[in-house]
>>> print(open('coords32.cif').read())   # mmCIF, C-alpha atoms
data_work
loop_
_atom_site.label_atom_id
_atom_site.label_comp_id
_atom_site.auth_asym_id
_atom_site.auth_seq_id
_atom_site.Cartn_x
_atom_site.Cartn_y
_atom_site.Cartn_z
CA MET E 1 -4.92 15.81 5.48
CA SER E 2 -1.67 15.73 7.43
CA SER E 3 -0.83 12.92 9.80
CA VAL E 4 1.22 12.83 13.00
CA TYR E 5 3.94 10.43 14.05
CA ASP E 6 4.02 9.84 17.79
CA PRO E 7 7.50 8.57 18.78
CA ALA E 8 6.22 7.31 22.14
CA ALA E 9 3.44 5.26 20.54
CA ASP E 10 5.58 4.49 17.46
CA ASP E 11 2.59 4.97 15.18
CA TYR E 12 0.87 7.46 12.89
CA SER E 13 -2.55 9.04 13.37
CA ASN E 14 -4.67 11.93 12.17
CA VAL E 15 -4.09 15.45 13.38
CA PRO E 16 -5.95 15.78 16.72
CA GLY E 17 -9.57 16.70 16.09
CA VAL E 18 -9.65 15.34 12.55
CA GLU E 19 -11.59 12.22 11.55
CA THR E 20 -11.29 10.54 8.17
CA ARG E 21 -12.93 7.58 6.49
CA VAL E 22 -12.38 5.63 3.28
CA PRO E 23 -15.77 5.19 1.57
CA PHE E 24 -17.02 2.31 -0.59
CA PHE E 25 -14.76 -0.42 0.82
CA GLY E 26 -15.60 -3.65 -1.01
CA SER E 27 -16.88 -1.82 -4.08
CA THR E 28 -15.12 -0.56 -7.20
CA GLN E 29 -17.18 2.60 -6.79
CA ALA E 30 -14.19 3.92 -4.85
CA PHE E 31 -12.10 3.88 -8.03
CA ARG E 32 -14.53 5.79 -10.18
CA TYR E 33 -14.66 9.55 -10.66
CA PRO E 34 -14.40 11.23 -7.24
CA ASP E 35 -15.82 14.42 -8.74
CA PRO E 36 -18.41 14.09 -11.54
CA ASP E 37 -17.41 17.54 -12.83
CA ARG E 38 -13.76 16.51 -13.30
CA LYS E 39 -13.93 13.07 -14.91
CA ASN E 40 -10.49 13.41 -16.45
CA PHE E 41 -8.92 13.31 -12.98
CA SER E 42 -9.73 9.66 -12.24
CA TYR E 43 -7.61 7.33 -14.38
CA MET E 44 -8.73 4.18 -12.51
CA SER E 45 -12.28 4.44 -13.84
CA THR E 46 -11.09 3.39 -17.31
CA PHE E 47 -9.54 0.27 -15.79
CA ILE E 48 -12.81 -0.63 -14.04
CA GLU E 49 -14.83 -0.06 -17.21
CA ARG E 50 -12.60 -2.48 -19.13
CA LEU E 51 -13.17 -5.14 -16.47
CA GLU E 52 -16.92 -4.59 -16.79
CA LYS E 53 -16.68 -5.12 -20.56
CA MET E 54 -15.08 -8.49 -19.79
CA GLY E 55 -18.16 -9.41 -17.77
CA TYR E 56 -17.08 -8.61 -14.21
CA ARG E 57 -19.77 -7.07 -12.00
CA ASP E 58 -19.26 -4.89 -8.94
CA GLY E 59 -20.10 -6.66 -5.70
CA GLU E 60 -20.48 -10.01 -7.49
CA THR E 61 -17.29 -10.91 -9.32
CA MET E 62 -15.33 -7.66 -8.88
CA PHE E 63 -14.52 -5.91 -5.60
CA GLY E 64 -12.55 -2.86 -4.52
CA ALA E 65 -10.22 -2.39 -1.56
CA PRO E 66 -9.51 1.36 -1.32
CA TYR E 67 -7.20 2.50 1.46
CA ASP E 68 -6.01 5.72 3.04
CA PHE E 69 -2.93 6.47 0.94
CA ARG E 70 -1.36 8.50 3.76
CA TYR E 71 -0.67 5.37 5.79
CA ALA E 72 1.20 2.10 5.31
CA VAL E 73 2.01 -0.84 7.54
CA ALA E 74 4.97 -1.38 9.83
CA PRO E 75 7.17 -4.44 10.36
CA VAL E 76 5.77 -7.13 12.62
CA GLY E 77 6.26 -6.02 16.21
CA HIS E 78 5.62 -2.34 15.50
CA PRO E 79 2.14 -0.84 15.94
CA SER E 80 0.25 0.12 12.80
CA ARG E 81 -3.36 0.74 13.76
CA VAL E 82 -4.64 1.93 10.38
CA GLY E 83 -2.62 -0.53 8.30
CA ASP E 84 -3.52 -3.53 10.45
CA ALA E 85 -7.21 -2.64 10.31
CA PHE E 86 -7.00 -2.44 6.51
CA PHE E 87 -5.35 -5.86 6.31
CA ARG E 88 -8.08 -7.40 8.47
CA ALA E 89 -10.74 -5.88 6.23
CA LEU E 90 -8.91 -7.00 3.07
CA LYS E 91 -8.63 -10.57 4.31
CA GLY E 92 -12.35 -10.63 5.02
CA LEU E 93 -13.09 -9.19 1.57
CA VAL E 94 -10.99 -11.83 -0.18
CA GLU E 95 -12.78 -14.59 1.70
CA ARG E 96 -16.20 -13.05 0.98
CA ALA E 97 -15.42 -12.66 -2.73
CA SER E 98 -14.35 -16.29 -2.89
CA GLY E 99 -17.44 -17.43 -1.01
CA LEU E 100 -19.74 -15.55 -3.38
CA ASN E 101 -18.15 -17.36 -6.31
CA GLY E 102 -18.34 -20.97 -5.29
CA GLY E 103 -15.14 -20.96 -3.26
CA MET E 104 -12.95 -20.04 -6.24
CA PRO E 105 -9.65 -18.28 -5.44
CA VAL E 106 -9.38 -14.61 -6.39
CA VAL E 107 -7.11 -12.54 -8.60
CA ILE E 108 -5.63 -9.58 -6.69
CA ALA E 109 -4.83 -6.70 -9.05
CA THR E 110 -3.06 -3.61 -7.72
CA TYR E 111 -1.79 -0.34 -9.10
CA SER E 112 1.38 1.58 -8.16
CA ALA E 113 1.97 1.69 -4.37
CA GLY E 114 -0.89 -0.76 -3.94
CA GLY E 115 1.57 -3.44 -5.12
CA PRO E 116 4.00 -3.27 -2.17
CA LEU E 117 1.06 -2.89 0.21
CA ALA E 118 -0.67 -6.01 -1.14
CA HIS E 119 2.67 -7.85 -1.08
CA GLN E 120 2.99 -7.11 2.62
CA PHE E 121 -0.55 -8.35 3.11
CA LEU E 122 0.18 -11.63 1.33
CA VAL E 123 3.44 -12.48 3.07
CA ARG E 124 1.73 -12.00 6.46
CA GLN E 125 -0.94 -14.61 5.74
CA PRO E 126 -0.40 -18.34 6.33
CA LEU E 127 0.81 -20.08 3.17
CA ALA E 128 -2.19 -22.43 3.25
CA TRP E 129 -4.53 -19.41 3.24
CA ARG E 130 -2.74 -17.84 0.27
CA GLN E 131 -2.86 -21.07 -1.72
CA ARG E 132 -6.54 -21.52 -0.89
CA PHE E 133 -7.80 -18.01 -1.63
CA VAL E 134 -5.43 -16.35 -4.14
CA ARG E 135 -5.15 -17.61 -7.71
CA ARG E 136 -2.79 -14.87 -8.95
CA PHE E 137 -1.30 -11.54 -7.88
CA VAL E 138 -1.18 -8.92 -10.68
CA PRO E 139 0.73 -5.81 -9.57
CA ILE E 140 0.76 -2.99 -12.14
CA ALA E 141 3.51 -0.32 -12.07
CA ALA E 142 4.66 -1.38 -8.60
CA PRO E 143 7.60 0.52 -7.05
CA TRP E 144 9.17 -2.47 -5.29
CA GLY E 145 12.29 -0.55 -4.33
CA GLY E 146 10.94 2.97 -4.03
CA ILE E 147 11.53 5.81 -6.49
CA VAL E 148 14.14 8.56 -6.84
CA LEU E 149 11.28 11.05 -7.13
CA GLY E 150 10.50 10.17 -3.50
CA MET E 151 13.67 12.01 -2.48
CA LEU E 152 12.73 15.04 -4.56
CA THR E 153 9.18 15.40 -3.23
CA LEU E 154 10.48 15.61 0.36
CA VAL E 155 12.23 18.80 -0.71
CA SER E 156 9.99 20.25 -3.41
CA GLY E 157 6.55 18.98 -2.36
CA ASN E 158 3.92 17.07 -4.32
CA ASN E 159 0.71 18.58 -5.67
CA MET E 160 -0.91 15.14 -6.18
CA GLY E 161 -1.31 15.90 -9.89
CA LEU E 162 -3.40 19.00 -9.29
CA PRO E 163 -2.12 21.65 -11.75
CA PHE E 164 -3.64 24.55 -9.80
CA VAL E 165 -1.78 23.70 -6.57
CA GLU E 166 1.77 24.84 -5.89
CA PRO E 167 3.74 21.71 -4.87
CA ARG E 168 5.68 23.43 -2.07
CA ALA E 169 2.38 24.46 -0.49
CA LEU E 170 1.89 20.78 0.37
CA LEU E 171 5.47 20.09 1.49
CA ARG E 172 4.75 19.95 5.23
CA GLN E 173 1.67 17.84 4.65
CA GLY E 174 3.59 15.44 2.39
CA ARG E 175 6.42 15.03 4.88
CA SER E 176 3.95 14.07 7.59
CA LEU E 177 2.73 10.98 5.74
CA GLN E 178 3.99 7.51 6.56
CA SER E 179 3.67 6.59 2.88
CA SER E 180 6.17 9.31 1.90
CA LEU E 181 8.91 7.27 3.58
CA TRP E 182 7.76 4.03 1.95
CA ILE E 183 8.63 5.29 -1.53
CA LEU E 184 12.20 6.32 -0.74
CA PRO E 185 14.77 4.36 -2.82
CA SER E 186 15.87 1.12 -1.18
CA PRO E 187 19.46 -0.17 -1.11
CA ALA E 188 18.22 -3.55 -2.34
CA ALA E 189 16.97 -2.04 -5.61
CA PHE E 190 19.40 0.83 -6.21
CA GLY E 191 22.53 -0.38 -4.43
CA THR E 192 24.71 1.74 -2.18
CA ALA E 193 27.26 3.05 -4.69
CA THR E 194 25.10 4.89 -7.23
CA PRO E 195 24.48 8.60 -6.43
CA LEU E 196 20.77 9.42 -6.53
CA ALA E 197 20.97 12.98 -5.15
CA THR E 198 24.01 15.20 -5.47
CA THR E 199 25.02 18.52 -3.93
CA LYS E 200 28.24 20.47 -4.38
CA SER E 201 29.89 18.66 -1.46
CA ARG E 202 28.02 15.34 -1.05
CA ASN E 203 26.58 12.42 -2.98
CA TYR E 204 23.63 10.50 -1.53
CA SER E 205 22.92 6.91 -2.55
CA ALA E 206 20.06 4.67 -1.43
CA GLY E 207 22.33 3.68 1.44
CA ASP E 208 22.57 7.32 2.57
CA VAL E 209 18.86 8.09 2.86
CA ALA E 210 19.05 8.70 6.62
CA ASP E 211 21.83 11.27 6.08
CA TYR E 212 19.79 12.82 3.28
CA LEU E 213 16.79 13.24 5.58
CA VAL E 214 18.96 15.10 8.08
CA ALA E 215 20.53 17.27 5.35
CA ILE E 216 17.14 18.46 4.04
CA GLY E 217 16.00 19.39 7.56
CA PHE E 218 13.79 16.37 8.10
CA GLY E 219 15.79 14.60 10.77
CA GLU E 220 12.69 13.60 12.74
CA ALA E 221 11.93 11.08 9.97
CA VAL E 222 15.15 9.11 10.52
CA ARG E 223 13.77 7.01 13.37
CA PRO E 224 10.55 5.86 11.63
CA TYR E 225 12.50 5.35 8.39
CA LYS E 226 15.04 3.08 10.08
CA SER E 227 12.55 1.19 12.25
CA ARG E 228 9.45 1.02 10.03
CA VAL E 229 10.68 1.16 6.40
CA LEU E 230 14.19 -0.31 6.09
CA PRO E 231 13.23 -3.64 7.73
CA LEU E 232 10.58 -4.09 5.03
CA PHE E 233 12.45 -2.92 1.93
CA GLY E 234 16.15 -2.86 2.85
CA GLY E 235 16.74 -6.40 1.65
CA GLU E 236 15.40 -8.89 -0.88
CA LEU E 237 11.59 -9.00 -0.90
CA PRO E 238 10.21 -12.44 -0.08
CA HIS E 239 8.14 -14.20 -2.72
CA PRO E 240 4.41 -13.77 -1.98
CA GLY E 241 3.79 -17.50 -2.27
CA VAL E 242 1.23 -17.22 -5.09
CA PRO E 243 1.55 -16.99 -8.89
CA VAL E 244 2.56 -13.47 -9.97
CA THR E 245 2.30 -11.41 -13.15
CA SER E 246 4.04 -8.05 -12.74
CA VAL E 247 3.19 -5.51 -15.45
CA ILE E 248 5.52 -2.52 -15.84
CA GLY E 249 6.05 0.38 -18.21
CA VAL E 250 9.49 0.92 -19.76
CA GLY E 251 11.09 3.28 -22.24
CA VAL E 252 9.92 6.52 -20.60
CA GLY E 253 12.36 9.07 -19.20
CA THR E 254 12.35 8.76 -15.40
CA THR E 255 14.18 10.85 -12.79
CA GLU E 256 17.26 8.82 -11.89
CA ARG E 257 19.46 11.46 -10.29
CA ILE E 258 18.78 14.86 -8.68
CA VAL E 259 21.58 17.42 -8.99
CA TYR E 260 21.64 20.53 -6.78
CA PRO E 261 24.01 23.27 -8.01
CA GLY E 262 25.28 24.04 -4.50
CA ASP E 263 24.64 22.80 -0.99
CA ASP E 264 21.31 24.64 -0.76
CA PHE E 265 18.32 22.32 -1.18
CA ASP E 266 16.08 25.34 -1.77
CA ALA E 267 17.70 25.85 -5.18
CA THR E 268 15.98 24.31 -8.19
CA PRO E 269 17.80 21.08 -9.07
CA SER E 270 18.44 19.61 -12.48
CA VAL E 271 17.55 15.99 -13.08
CA VAL E 272 19.24 13.17 -14.96
CA ALA E 273 16.76 10.81 -16.57
CA GLY E 274 17.01 7.04 -16.90
CA ASP E 275 14.62 4.26 -17.90
CA GLY E 276 11.28 3.52 -16.28
CA ASP E 277 7.66 4.61 -16.63
CA GLY E 278 8.19 8.28 -15.81
CA VAL E 279 7.61 7.69 -12.09
CA VAL E 280 8.93 4.24 -11.18
CA ASN E 281 12.58 3.64 -12.04
CA LEU E 282 13.40 0.49 -13.99
CA ALA E 283 15.67 -0.71 -11.15
CA SER E 284 12.72 -0.57 -8.76
CA ALA E 285 10.15 -2.09 -11.12
CA MET E 286 12.53 -4.98 -11.90
CA ALA E 287 13.76 -5.51 -8.33
CA VAL E 288 11.70 -8.68 -7.80
CA GLU E 289 12.32 -10.35 -11.17
CA THR E 290 15.52 -12.23 -10.34
CA PRO E 291 14.72 -13.37 -6.77
CA TRP E 292 11.12 -14.36 -7.55
CA SER E 293 12.03 -16.11 -10.81
CA ARG E 294 14.86 -17.95 -9.07
CA ARG E 295 12.43 -19.33 -6.52
CA GLY E 296 10.57 -21.18 -9.26
CA GLY E 297 6.83 -21.43 -9.61
CA ASP E 298 4.68 -19.23 -11.80
CA PHE E 299 6.21 -15.76 -12.23
CA ARG E 300 5.84 -13.48 -15.25
CA MET E 301 7.30 -10.01 -15.85
CA VAL E 302 5.49 -8.18 -18.64
CA LYS E 303 7.18 -5.01 -19.94
CA VAL E 304 5.06 -2.55 -21.94
CA LEU E 305 7.30 -0.42 -24.14
CA ASN E 306 6.95 3.39 -24.14
CA MET E 307 4.18 3.31 -21.53
CA SER E 308 4.01 5.86 -18.72
CA HIS E 309 2.92 5.23 -15.15
CA ASN E 310 -0.61 6.60 -15.49
CA ALA E 311 -1.05 5.34 -19.06
CA LEU E 312 -0.69 1.74 -17.87
CA VAL E 313 -4.27 1.85 -16.60
CA VAL E 314 -5.67 4.11 -19.34
CA ASP E 315 -3.99 3.31 -22.65
CA ASP E 316 -5.77 0.72 -24.81
CA ARG E 317 -2.57 -1.16 -25.66
CA ALA E 318 -1.58 -1.49 -22.01
CA LEU E 319 -5.09 -2.39 -20.88
CA GLU E 320 -5.32 -5.10 -23.52
CA ILE E 321 -2.18 -6.72 -22.08
CA ILE E 322 -3.35 -6.39 -18.47
CA MET E 323 -6.83 -7.74 -19.19
CA ARG E 324 -5.31 -10.69 -21.00
CA GLU E 325 -3.18 -11.50 -17.96
CA ILE E 326 -6.20 -11.26 -15.65
CA GLN E 327 -8.26 -13.42 -17.98
CA ARG E 328 -5.42 -15.93 -18.25
CA ALA E 329 -5.48 -16.30 -14.47
CA ASP E 330 -9.27 -16.47 -14.18
#
>>> encode(input="coords32.cif", output="structure tokens")
Amino acid sequence: MSSVYDPAADDYSNVPGVETRVPFFGSTQAFRYPDPDRKNFSYMSTFIERLEKMGYRDGETMFGAPYDFRYAVAPVGHPSRVGDAFFRALKGLVERASGLNGGMPVVIATYSAGGPLAHQFLVRQPLAWRQRFVRRFVPIAAPWGGIVLGMLTLVSGNNMGLPFVEPRALLRQGRSLQSSLWILPSPAAFGTATPLATTKSRNYSAGDVADYLVAIGFGEAVRPYKSRVLPLFGGELPHPGVPVTSVIGVGVGTTERIVYPGDDFDATPSVVAGDGDGVVNLASAMAVETPWSRRGGDFRMVKVLNMSHNALVVDDRALEIIMREIQRAD
């Protein structure tokens, strides 16, 4: 499951000899239980079931756009074979969904990192296309400015929510992914003065991420971070040019600062918690509110109190709010 960054090609690919595919593109089947014996592992299935109760039908009025979470897209001018192919497929799916429903524009709903990815898709389409085919963009729990946990996982690993897997066992695999750099805290959301990671002799803010990568022994990531991530998230995110309802969870303790007792990143750090949904910091979730509201047009920020990241697409109270926003748009 690792990927490889080729500096000469300036792009990511599978490990040589490995082929992968993303099944069920176009269908919400991709968001249902991946393993029938472990139904509690797929939280997106509950979301799909609620849409079905509202009358949406897979392949008719409801469509899925699953993607390979290891990859992302690069700024215009940089190669991104997997990401560009996904955007071409997504554009075709939006047009097909509209065509199957009398030419009506669609509602694009995303969850977590799907929000920034869909945002990049929208801003790369002609404005006339967006206004013709997209009625509303509904990002749920989107980390617009990255997350502080992104810095921690590059040191401690990420077990993808699997309780029987030791996180550090997947550290090398996690570092290899393009998407691991996408979720690093951005200066636009967190500023450059607030310490996010602290050692005995150094503070690291969102403006010091490149230095942090070198300090943790991951210096090879500095080039793709500076050339493929900062140009996308280092400044104010452009408005997507369509009506937006952003739904976020607040009131849940979220890692806001990582404190290492010495200068050794192998030591277990303590964490200082702030506001957010337990994964996405409030500063990141709210990063688009002021610039997108200032632009005018139809923008709504809906905050769901005491709602965690995963619960936003499982909890009845959160789902009621999200379904109402989707129905309002449709």
>>> residues_around(input="coords32.cif", residues="Arg324 in chain E", least_positions_apart="4", cutoff="12 Å", atoms="only C-alpha atoms", output="VMD selection string")
chain E and resid 50 to 51 54 138 245 247 302 317 to 320 328 to 330
>>> atom_distance(input="coords32.cif", atom1="CA of Pro143 in chain E", atom2="CA of Asn281 in chain E")
7.7 Å
>>> closest_residue(input="coords32.cif", among="E:Trp292, E:Gly77, E:Asp208, E:Glu256", to="Asp275 in chain E", atoms="only C-alpha atoms")
E:Glu256
>>> atom_distance(input="coords32.cif", atom1="CA of Trp144 in chain E", atom2="CA of Ala72 in chain E")
14.0 Å
>>> closest_residue(input="coords32.cif", among="E:Ser308, E:Ser205, E:Gln327, E:Thr198", to="Gly262 in chain E", atoms="all atoms listed in the file")
E:Thr198
>>> residues_around(input="coords32.cif", residues="Asp263 in chain E", least_positions_apart="6", cutoff="9 Å", atoms="only C-alpha atoms", output="ChimeraX atom specification")
/E:198-202
>>> resolve_selection(input="coords32.cif", expression="the PyMOL selection byres ((chain E and resi 251) around 10)", output="ChimeraX atom specification")
/E:249-250,252-254,274-278,282,303-308
>>> resolve_selection(input="coords32.cif", expression="the PyMOL selection byres ((chain E and resi 187) around 9)", output="VMD selection string")
chain E and resid 145 185 to 186 188 to 192 205 to 208 230 233 to 235
>>> residues_around(input="coords32.cif", residues="Ser27 in chain E", least_positions_apart="4", cutoff="10 Å", atoms="only C-alpha atoms", output="PyMOL selection string")
chain E and resi 23+31+57-60+62-66
>>> residues_around(input="coords32.cif", residues="Met301 in chain E", least_positions_apart="3", cutoff="9 Å", atoms="only C-alpha atoms", output="number ranges by chain")
E: 244-248, 286, 289
>>> residues_around(input="coords32.cif", residues="Val229 in chain E", least_positions_apart="2", cutoff="9 Å", atoms="all atoms listed in the file", output="PyMOL selection string")
chain E and resi 73-75+181-182+184+224-227+231-234
>>> write_last_selection(input="coords32.cif", atoms="C-alpha atoms", output="PDB file, in the frame of the given file")
ATOM      1  CA  VAL E  73       2.010  -0.840   7.540  1.00  0.00           C
ATOM      2  CA  ALA E  74       4.970  -1.380   9.830  1.00  0.00           C
ATOM      3  CA  PRO E  75       7.170  -4.440  10.360  1.00  0.00           C
ATOM      4  CA  LEU E 181       8.910   7.270   3.580  1.00  0.00           C
ATOM      5  CA  TRP E 182       7.760   4.030   1.950  1.00  0.00           C
ATOM      6  CA  LEU E 184      12.200   6.320  -0.740  1.00  0.00           C
ATOM      7  CA  PRO E 224      10.550   5.860  11.630  1.00  0.00           C
ATOM      8  CA  TYR E 225      12.500   5.350   8.390  1.00  0.00           C
ATOM      9  CA  LYS E 226      15.040   3.080  10.080  1.00  0.00           C
ATOM     10  CA  SER E 227      12.550   1.190  12.250  1.00  0.00           C
ATOM     11  CA  PRO E 231      13.230  -3.640   7.730  1.00  0.00           C
ATOM     12  CA  LEU E 232      10.580  -4.090   5.030  1.00  0.00           C
ATOM     13  CA  PHE E 233      12.450  -2.920   1.930  1.00  0.00           C
ATOM     14  CA  GLY E 234      16.150  -2.860   2.850  1.00  0.00           C
TER      15      GLY E 234
END
>>> resolve_selection(input="coords32.cif", expression="the PyMOL selection byres ((chain E and resi 242) around 12)", output="PyMOL selection string")
chain E and resi 105-108+119+122-123+125-138+238-241+243-245+292+295-300+329
>>> residues_near_point(input="coords32.cif", point="(3.4, 14.5, 5.7)", cutoff="9 Å", atoms="all atoms listed in the file", output="MDAnalysis selection string")
chainID E and resid 1:4 70 154 170:180
>>> atom_distance(input="coords32.cif", atom1="CA of Ile216 in chain E", atom2="CA of Tyr5 in chain E")
18.4 Å
